[in-house]
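Colleague: Just data21.txt, nothing more (compact mmCIF, C-alpha atoms):
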# COMPACT_ATOMS: atom_id res chain seq x y z
CA MET A 1 226.05 -14.27 113.81
CA SER A 2 226.73 -10.56 113.91
CA ASP A 3 224.39 -7.85 112.62
CA LEU A 4 224.17 -8.00 108.82
CA LEU A 5 222.62 -4.55 108.48
CA TYR A 6 224.90 -1.82 107.15
CA SER A 7 226.58 0.25 109.85
CA GLU A 8 226.74 4.06 109.74
CA GLU A 9 230.38 3.84 108.68
CA GLU A 10 229.52 1.44 105.85
CA GLU A 11 226.74 3.74 104.61
CA ALA A 12 229.12 6.71 104.72
CA LEU A 13 231.65 4.70 102.71
CA ARG A 14 228.95 3.80 100.18
CA ALA A 15 227.92 7.45 99.79
CA ALA A 16 231.53 8.53 99.21
CA VAL A 17 232.20 5.83 96.61
CA ARG A 18 228.89 6.43 94.83
CA ASP A 19 229.51 10.18 94.65
CA LEU A 20 232.92 9.57 93.13
CA LEU A 21 231.57 7.08 90.58
CA THR A 22 228.66 9.36 89.67
CA ASP A 23 231.14 12.12 88.84
CA HIS A 24 233.90 10.06 87.19
CA CYS A 25 232.39 6.81 85.88
CA GLY A 26 229.50 7.66 83.58
CA THR A 27 228.10 4.94 81.34
CA MET A 28 229.17 6.65 78.11
CA SER A 29 232.79 6.93 79.24
CA VAL A 30 232.81 3.28 80.36
CA LEU A 31 231.35 2.22 77.00
CA ALA A 32 233.92 4.29 75.10
CA ARG A 33 236.76 2.74 77.11
CA ALA A 34 235.40 -0.78 76.69
CA GLU A 35 235.47 -0.41 72.92
CA SER A 36 239.06 0.90 72.93
CA ASP A 37 242.33 -0.96 73.49
CA ALA A 38 242.53 0.35 77.08
CA PRO A 39 239.30 -0.44 78.95
CA HIS A 40 240.71 0.28 82.42
CA ASP A 41 240.46 3.73 83.97
CA PRO A 42 243.82 4.45 85.67
CA ALA A 43 242.75 7.88 86.97
CA LEU A 44 239.68 6.41 88.69
CA TRP A 45 241.78 3.58 90.15
CA LYS A 46 244.30 6.10 91.50
CA THR A 47 241.54 8.09 93.20
CA LEU A 48 239.90 4.99 94.70
CA ALA A 49 243.16 3.33 95.76
CA GLU A 50 245.45 6.18 96.75
CA GLY A 51 243.04 9.06 97.30
CA MET A 52 240.44 7.10 99.31
CA GLY A 53 242.71 4.33 100.59
CA LEU A 54 240.33 1.58 99.43
CA ALA A 55 242.96 -0.79 97.99
CA GLY A 56 244.21 -1.59 101.49
CA LEU A 57 240.89 -2.29 103.24
CA LEU A 58 241.70 -5.98 103.79
CA VAL A 59 245.30 -5.41 104.87
CA PRO A 60 245.99 -5.04 108.63
CA GLU A 61 247.32 -1.67 109.74
CA ASP A 62 250.59 -3.19 110.97
CA ARG A 63 251.18 -4.47 107.41
CA GLY A 64 250.55 -1.15 105.71
CA GLY A 65 246.80 -1.25 105.12
CA GLN A 66 243.56 0.23 106.45
CA GLY A 67 242.77 -2.65 108.80
CA ALA A 68 239.10 -2.81 107.76
CA THR A 69 237.16 -6.00 106.96
CA HIS A 70 235.45 -7.81 104.11
CA ARG A 71 232.23 -6.01 105.03
CA GLU A 72 233.67 -2.66 103.96
CA ALA A 73 235.22 -4.18 100.83
CA ALA A 74 231.80 -5.64 100.00
CA VAL A 75 230.19 -2.18 100.16
CA VAL A 76 232.83 -0.84 97.76
CA LEU A 77 232.19 -3.76 95.38
CA GLU A 78 228.43 -3.15 95.46
CA GLU A 79 229.02 0.36 94.17
CA LEU A 80 231.67 -0.71 91.65
CA GLY A 81 229.27 -3.37 90.35
CA ARG A 82 226.45 -0.86 90.13
CA ALA A 83 228.60 1.42 87.95
CA VAL A 84 230.45 -1.44 86.17
CA ALA A 85 233.59 0.52 87.00
CA PRO A 86 236.57 -0.61 84.88
CA VAL A 87 239.06 -0.88 87.75
CA PRO A 88 240.97 -3.94 89.04
CA TYR A 89 239.50 -3.77 92.56
CA LEU A 90 238.25 -7.35 92.87
CA THR A 91 241.33 -8.81 91.19
CA SER A 92 244.01 -6.74 92.93
CA ALA A 93 242.61 -5.34 96.20
CA VAL A 94 240.74 -8.56 97.05
CA VAL A 95 242.05 -11.68 95.28
CA ALA A 96 245.76 -10.86 94.82
CA THR A 97 245.85 -9.20 98.25
CA GLU A 98 244.27 -12.20 99.99
CA ALA A 99 246.75 -14.53 98.27
CA LEU A 100 249.63 -12.44 99.54
CA LEU A 101 248.19 -12.21 103.06
CA ALA A 102 248.51 -16.01 103.21
CA CYS A 103 252.20 -15.85 102.24
CA ALA A 104 255.14 -15.55 104.62
CA ASP A 105 257.49 -13.55 102.38
CA GLY A 106 255.48 -10.88 100.68
CA ASP A 107 255.17 -7.91 103.01
CA ASP A 108 257.07 -5.52 100.74
CA LEU A 109 254.73 -6.40 97.87
CA LEU A 110 251.72 -6.20 100.18
CA ASP A 111 252.61 -2.62 100.99
CA GLY A 112 252.46 -1.73 97.29
CA LEU A 113 249.11 -3.48 96.80
CA ALA A 114 247.62 -1.85 99.91
CA SER A 115 248.59 1.63 98.73
CA GLY A 116 247.30 0.98 95.22
CA ARG A 117 250.63 1.95 93.67
CA VAL A 118 251.08 -1.66 92.58
CA ILE A 119 248.36 -3.65 90.81
CA GLY A 120 248.49 -7.39 91.39
CA ALA A 121 246.79 -10.31 89.66
CA LEU A 122 246.57 -13.92 90.74
CA ALA A 123 247.52 -16.05 87.72
CA VAL A 124 244.63 -18.48 88.14
CA GLY A 125 241.80 -18.58 85.60
CA LEU A 126 238.85 -16.38 86.55
CA HIS A 127 236.51 -19.37 86.12
CA THR A 128 238.23 -21.36 88.90
CA ALA A 129 236.01 -22.19 91.90
CA PRO A 130 237.49 -21.97 95.42
CA GLY A 131 237.78 -25.74 95.81
CA ALA A 132 238.66 -26.63 92.22
CA ALA A 133 242.02 -27.74 90.85
CA PHE A 134 244.11 -24.96 89.32
CA LEU A 135 246.85 -25.01 86.70
CA THR A 136 250.49 -24.47 87.60
CA VAL A 137 253.63 -23.62 85.63
CA ARG A 138 256.96 -25.46 85.71
CA ALA A 139 259.54 -24.14 88.15
CA ASP A 140 263.17 -24.72 87.21
CA GLY A 141 265.65 -23.13 89.59
CA GLY A 142 263.73 -19.88 90.06
CA ALA A 143 262.78 -19.63 86.36
CA LEU A 144 259.17 -20.31 85.43
CA HIS A 145 257.93 -21.91 82.22
CA GLY A 146 254.35 -22.36 81.01
CA GLU A 147 251.10 -20.78 79.90
CA LEU A 148 248.02 -19.81 81.89
CA THR A 149 244.72 -18.64 80.39
CA GLY A 150 241.68 -16.65 81.48
CA ILE A 151 243.65 -14.37 83.80
CA ALA A 152 241.50 -11.35 84.69
CA ASP A 153 243.09 -7.88 84.57
CA ALA A 154 246.53 -9.28 83.70
CA ALA A 155 246.82 -6.48 81.14
CA VAL A 156 247.13 -3.82 83.86
CA ALA A 157 248.94 -5.84 86.52
CA ASP A 158 252.41 -4.78 87.65
CA VAL A 159 253.03 -8.11 89.36
CA LEU A 160 251.54 -11.57 88.82
CA PHE A 161 251.28 -14.22 91.52
CA VAL A 162 251.92 -17.49 89.76
CA PRO A 163 251.41 -21.00 91.24
CA ALA A 164 254.16 -23.43 90.27
CA ASP A 165 254.48 -27.23 90.23
CA ASP A 166 256.88 -27.17 93.18
CA GLY A 167 254.04 -25.96 95.45
CA GLY A 168 255.21 -22.35 95.57
CA LEU A 169 253.43 -19.12 94.73
CA TYR A 170 255.85 -16.87 92.85
CA ALA A 171 255.77 -13.11 92.39
CA VAL A 172 256.63 -12.32 88.78
CA ALA A 173 257.05 -8.85 87.31
CA ALA A 174 254.55 -8.25 84.50
CA ASP A 175 257.27 -7.13 82.11
CA ALA A 176 258.92 -10.56 82.44
CA VAL A 177 255.94 -12.36 80.85
CA THR A 178 253.95 -12.12 77.63
CA VAL A 179 250.33 -11.05 78.10
CA THR A 180 248.03 -11.79 75.15
CA PRO A 181 244.43 -10.49 75.26
CA GLN A 182 241.66 -13.10 75.00
CA THR A 183 238.13 -12.51 73.77
CA SER A 184 236.01 -11.58 76.76
CA LEU A 185 232.25 -11.06 77.00
CA ASP A 186 232.71 -8.37 79.65
CA LEU A 187 235.08 -5.86 78.10
CA THR A 188 235.40 -3.95 81.39
CA ARG A 189 237.20 -6.93 82.99
CA PRO A 190 239.41 -8.23 80.19
CA LEU A 191 240.96 -11.69 80.25
CA ALA A 192 244.40 -12.60 78.96
CA ARG A 193 246.76 -15.48 78.30
CA VAL A 194 249.99 -15.25 80.29
CA THR A 195 253.05 -16.95 78.80
CA LEU A 196 256.17 -17.50 80.92
CA ASP A 197 259.40 -18.33 79.11
CA ALA A 198 262.09 -18.70 81.79
CA ALA A 199 260.49 -15.80 83.67
CA PRO A 200 262.31 -14.99 86.92
CA GLY A 201 260.09 -15.39 89.96
CA ARG A 202 260.44 -14.81 93.68
CA ARG A 203 258.79 -17.34 95.95
CA ALA A 204 256.35 -15.54 98.25
CA GLY A 205 254.79 -18.56 99.97
CA ASP A 206 252.89 -21.81 99.46
CA ALA A 207 250.46 -21.81 96.54
CA GLU A 208 247.72 -24.13 97.85
CA PRO A 209 246.61 -22.19 100.97
CA ALA A 210 247.17 -18.82 99.26
CA VAL A 211 245.09 -19.68 96.18
CA ARG A 212 242.32 -21.28 98.25
CA ARG A 213 242.07 -18.24 100.52
CA ALA A 214 242.15 -15.83 97.58
CA LEU A 215 239.48 -17.64 95.56
CA ARG A 216 237.19 -18.00 98.57
CA ALA A 217 237.37 -14.26 99.26
CA GLY A 218 236.92 -13.53 95.56
CA ALA A 219 233.83 -15.74 95.31
CA GLY A 220 232.32 -14.37 98.53
CA LEU A 221 232.81 -10.71 97.63
CA LEU A 222 231.84 -11.24 93.98
CA ALA A 223 228.30 -11.72 95.32
CA SER A 224 228.34 -8.07 96.45
CA GLU A 225 229.37 -6.95 92.97
CA GLN A 226 226.53 -9.05 91.53
CA LEU A 227 224.19 -7.43 94.06
CA GLY A 228 225.24 -4.00 92.80
CA VAL A 229 224.50 -5.02 89.20
CA ALA A 230 221.08 -6.45 90.17
CA GLU A 231 220.12 -3.41 92.26
CA TRP A 232 221.01 -1.04 89.41
CA ALA A 233 218.90 -3.11 87.00
CA LEU A 234 215.87 -3.11 89.31
CA THR A 235 216.12 0.58 90.26
CA GLU A 236 216.56 1.81 86.69
CA THR A 237 213.75 -0.39 85.37
CA VAL A 238 211.30 0.86 88.00
CA ARG A 239 212.29 4.44 87.19
CA TYR A 240 211.84 3.90 83.45
CA LEU A 241 208.45 2.22 83.82
CA LYS A 242 207.16 5.10 85.95
CA ASP A 243 208.10 7.61 83.24
CA ARG A 244 207.27 5.62 80.10
CA LYS A 245 203.66 5.99 78.99
CA GLN A 246 201.52 3.69 76.87
CA PHE A 247 197.81 4.21 76.18
CA ASN A 248 198.23 7.47 78.10
CA ARG A 249 199.20 5.79 81.39
CA PRO A 250 202.57 4.81 82.94
CA VAL A 251 203.71 1.39 81.78
CA GLY A 252 204.58 0.58 85.40
CA GLY A 253 200.88 0.66 86.24
CA PHE A 254 200.16 -2.53 84.30
CA GLN A 255 199.53 -5.42 86.67
CA ALA A 256 201.65 -7.98 84.83
CA LEU A 257 204.73 -5.74 84.99
CA LYS A 258 204.12 -5.00 88.68
CA HIS A 259 204.21 -8.74 89.35
CA ARG A 260 207.50 -9.16 87.47
CA LEU A 261 209.09 -6.29 89.35
CA ALA A 262 207.79 -7.52 92.72
CA GLN A 263 209.29 -10.96 92.08
CA LEU A 264 212.58 -9.40 91.06
CA TRP A 265 212.60 -7.20 94.18
CA LEU A 266 212.17 -10.27 96.39
CA GLU A 267 215.09 -11.99 94.65
CA VAL A 268 217.35 -8.93 94.96
CA VAL A 269 216.55 -8.58 98.67
CA SER A 270 217.40 -12.27 99.16
CA LEU A 271 220.64 -11.76 97.23
CA ARG A 272 221.52 -8.85 99.53
CA ALA A 273 221.06 -11.11 102.56
CA ALA A 274 223.24 -13.85 101.03
CA ALA A 275 225.97 -11.40 99.97
CA ARG A 276 226.03 -9.71 103.38
CA ALA A 277 226.21 -13.08 105.12
CA ALA A 278 229.18 -14.08 102.94
CA ALA A 279 231.02 -10.80 103.59
CA ASP A 280 230.38 -11.08 107.33
CA ALA A 281 231.53 -14.71 107.40
CA LEU A 282 234.77 -13.75 105.63
CA ALA A 283 235.25 -10.93 108.13
CA THR A 284 234.66 -13.09 111.21
CA GLY A 285 235.99 -16.41 109.94
CA GLU A 286 232.79 -18.17 111.07
CA ASP A 287 231.05 -20.66 108.77
CA THR A 288 232.93 -19.14 105.84
CA GLU A 289 232.76 -21.98 103.32
CA VAL A 290 229.01 -22.53 103.65
CA SER A 291 228.16 -18.80 103.58
CA VAL A 292 230.34 -18.13 100.51
CA THR A 293 228.99 -21.17 98.68
CA VAL A 294 225.35 -20.26 99.42
CA ALA A 295 225.94 -16.71 98.17
CA GLN A 296 227.49 -17.88 94.91
CA ALA A 297 224.88 -20.58 94.34
CA TYR A 298 222.23 -17.85 94.49
CA ALA A 299 223.89 -14.70 93.14
CA ALA A 300 224.54 -15.45 89.47
CA PRO A 301 220.99 -16.43 88.43
CA VAL A 302 219.52 -13.37 90.18
CA ALA A 303 222.01 -10.89 88.71
CA VAL A 304 221.56 -12.31 85.19
CA ARG A 305 217.76 -12.35 85.50
CA ALA A 306 217.70 -8.77 86.81
CA ALA A 307 219.76 -7.57 83.85
CA GLU A 308 217.66 -9.58 81.37
CA GLU A 309 214.43 -8.21 82.84
CA ALA A 310 215.86 -4.69 82.64
CA LEU A 311 216.69 -5.18 78.98
CA GLN A 312 213.23 -6.57 78.14
CA LEU A 313 211.25 -4.06 80.18
CA HIS A 314 213.10 -1.14 78.62
CA GLY A 315 211.54 -2.28 75.34
CA GLY A 316 213.09 -1.23 72.04
CA ILE A 317 215.51 1.23 73.64
CA GLY A 318 216.91 -1.56 75.82
CA MET A 319 217.91 -3.47 72.70
CA THR A 320 220.18 -0.67 71.45
CA TRP A 321 223.86 -1.39 71.96
CA GLU A 322 224.53 1.99 73.59
CA HIS A 323 222.00 1.50 76.38
CA PRO A 324 223.60 1.18 79.84
CA VAL A 325 221.80 -2.12 80.49
CA HIS A 326 224.16 -3.95 78.10
CA LEU A 327 227.17 -3.23 80.28
CA ARG A 328 225.32 -4.76 83.25
CA LEU A 329 224.08 -7.77 81.33
CA LYS A 330 227.59 -8.60 80.10
CA ARG A 331 229.04 -8.14 83.58
CA ALA A 332 226.29 -10.33 85.09
CA LYS A 333 226.85 -13.08 82.49
CA ALA A 334 230.63 -12.96 82.87
CA ASP A 335 230.32 -12.98 86.67
CA SER A 336 228.05 -16.02 86.47
CA ILE A 337 231.05 -18.20 85.55
CA ALA A 338 233.64 -16.35 87.64
CA TYR A 339 235.04 -18.24 90.66
CA GLY A 340 232.80 -21.21 89.84
CA THR A 341 229.32 -21.49 88.34
CA ALA A 342 226.16 -21.56 90.47
CA GLY A 343 225.87 -25.28 89.67
CA ALA A 344 229.40 -25.97 90.88
CA HIS A 345 228.66 -24.10 94.11
CA ARG A 346 225.43 -26.05 94.63
CA GLU A 347 227.39 -29.29 94.28
CA ALA A 348 230.00 -28.03 96.74
CA LEU A 349 227.25 -26.99 99.14
CA ALA A 350 225.70 -30.46 99.00
CA GLU A 351 229.02 -31.90 100.14
CA LEU A 352 229.52 -29.27 102.84
CA VAL A 353 226.13 -29.82 104.49
CA ASP A 354 225.96 -33.54 103.71
CA LEU A 355 222.92 -33.33 101.44
CA ARG A 356 224.23 -35.13 98.38
CA ALA A 357 221.85 -36.30 95.67
CA PRO A 358 220.72 -39.95 96.03
Using the file provided, produce a representation of the structure as structure tokens.
Modeller:
Amino acid sequence: MSDLLYSEEEEALRAAVRDLLTDHCGTMSVLARAESDAPHDPALWKTLAEGMGLAGLLVPEDRGGQGATHREAAVVLEELGRAVAPVPYLTSAVVATEALLACADGDDLLDGLASGRVIGALAVGLHTAPGAAFLTVRADGGALHGELTGIADAAVADVLFVPADDGGLYAVAADAVTVTPQTSLDLTRPLARVTLDAAPGRRAGDAEPAVRRALRAGAGLLASEQLGVAEWALTETVRYLKDRKQFNRPVGGFQALKHRLAQLWLEVVSLRAAARAAADALATGEDTEVSVTVAQAYAAPVAVRAAEEALQLHGGIGMTWEHPVHLRLKRAKADSIAYGTAGAHREALAELVDLRAP
């Protein structure tokens, strides 16, 4: 296994992304967007994708991208998770891009995704685990008919990659389908129903390998987003408890709270190790399924617990709707069922390592 510590280049990338998000992705602006009809931040996406070239990290240079690896994409997702940035990075620059990388006839579209000028979305429900069955639409002579639900970021996609019953993955222009918003817990990553009524599609490749590859990368790198959420929750809670006084002493000095924070720190550190291992496995192609499944079996409970602890330990102020912890709690809860639940990943892991229940 290669070194899982962050390289100098990865730390420099983190610093650049964090600086940008600090300046352009404040909690109040994210909250205001989330409560509007347009939660995404197109200006921030343009800066990340076109200005910094981050949309093409996973695309080889000879196909129009940056030629980086999943390790760099993971660092970006840590920071985006930390800020709960309302941009379609995971859905377009990771999942849709990975699907297209597995296709034979999509290089012109790949160029658009890599530059960030085109936003893509894989038309598979966000809840779908890497090994699970996925819904398809009916293909009839190049026209597609059907309905797919739970599609993340479909509202801002320019092109949808739709699996069909003939085994193909079709590229469909977003203006050729009907996108209906669905109620979503995490308003910064909205879900939608996509309805295709004789929508024209262009076959890009075979659906099965493309969807499997895309969902595996999505699940593996989602752990880094969950790590970002958990790290924010821990850091902000420690900071608050150092400042907040009760009985004329910092609340963080109370032994019981120290124990809770120490336990949470241990869990976050373990999550970092699991997320890094998954990103490295995706980058090297070694032991990918096991590493991704381990990361997802562990990540969701830790991210949710970190956000819940942050809410409780902030006391009354944490309960107010405007507090930044609510954005993280909703993201953590929504992420806990994205690309398969922790329970589904534990079951998959039992099969992979031949440790099934008696």
Colleague: Taking all atoms of region 131-140 of chain A that the file lists and extending 3 Å past them on each side, where is the centre of the axis-aligned box and how long are its edges? Answer in Å to one decimal, as JSON.
Modeller:
{"center_x": 250.5, "center_y": -25.7, "center_z": 90.7, "size_x": 31.4, "size_y": 10.1, "size_z": 16.2}
Colleague: Between A:Gly106, A:Pro130, A:Pro190, A:Gly142, single out the one closest to Gly220 (chain A), counting all atoms listed in the file.
Modeller: A:Pro130
Colleague: Return the single residue from A:Val294, A:Val137, A:Leu185, A:Ala152 that is closest to Thr341 (chain A), with distances computed using all atoms listed in the file.
Modeller: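 Smallest separation from Thr341 (chain A) among the options: A:Val294.
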Colleague: Which polymer residues, whether protein, DNA or RNA, lie within 9 Å of the coordinate (248.9, -2.6, 95.6) when you count only C-alpha atoms? List them as a VMD selection string, using the chain letters and numbers from the file.
Modeller: chain A and resid 49 55 to 56 92 to 93 96 to 97 109 to 120 158
Colleague: For Ala104 (chain A), which residue out of A:Tyr339, A:Tyr170, A:Tyr6, A:Trp45 is the nearest one, using only C-alpha atoms?
Modeller: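 With only C-alpha atoms as the atom set, the closest residue is A:Tyr170.
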Colleague: So which residues touch Asp206 (chain A) within 9 Å, counting all atoms listed in the file, skipping near sequence neighbours fewer than 5 positions away, as a PyMOL selection string?
Modeller: chain A and resi 102-104+163+167-170+211
Colleague: Could you turn the residues from that selection into a file that holds C-alpha atoms, as a CSV table (one decimal), in the coordinates of the input?
Modeller:
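Result file is selection12.csv:
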chain,number,residue,atom,x,y,z
A,102,ALA,CA,248.5,-16.0,103.2
A,103,CYS,CA,252.2,-15.8,102.2
A,104,ALA,CA,255.1,-15.6,104.6
A,163,PRO,CA,251.4,-21.0,91.2
A,167,GLY,CA,254.0,-26.0,95.4
A,168,GLY,CA,255.2,-22.4,95.6
A,169,LEU,CA,253.4,-19.1,94.7
A,170,TYR,CA,255.8,-16.9,92.8
A,211,VAL,CA,245.1,-19.7,96.2
Colleague: Using all atoms listed in the file, which of A:Leu126, A:Ala73, A:Ala99, A:Ala217 sits nearest Ala204 (chain A)?
Modeller: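 Selected residue with least distance to Ala204 (chain A): A:Ala99.
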Colleague: Interatomic distance between CA of Glu208 (chain A) and CA of Val179 (chain A)?
Modeller: 23.8 Å
Colleague: Counting only C-alpha atoms, which of A:Arg260, A:His24, A:His345, A:Arg213 gets nearest to Glu308 (chain A)?
Modeller: A:Arg260
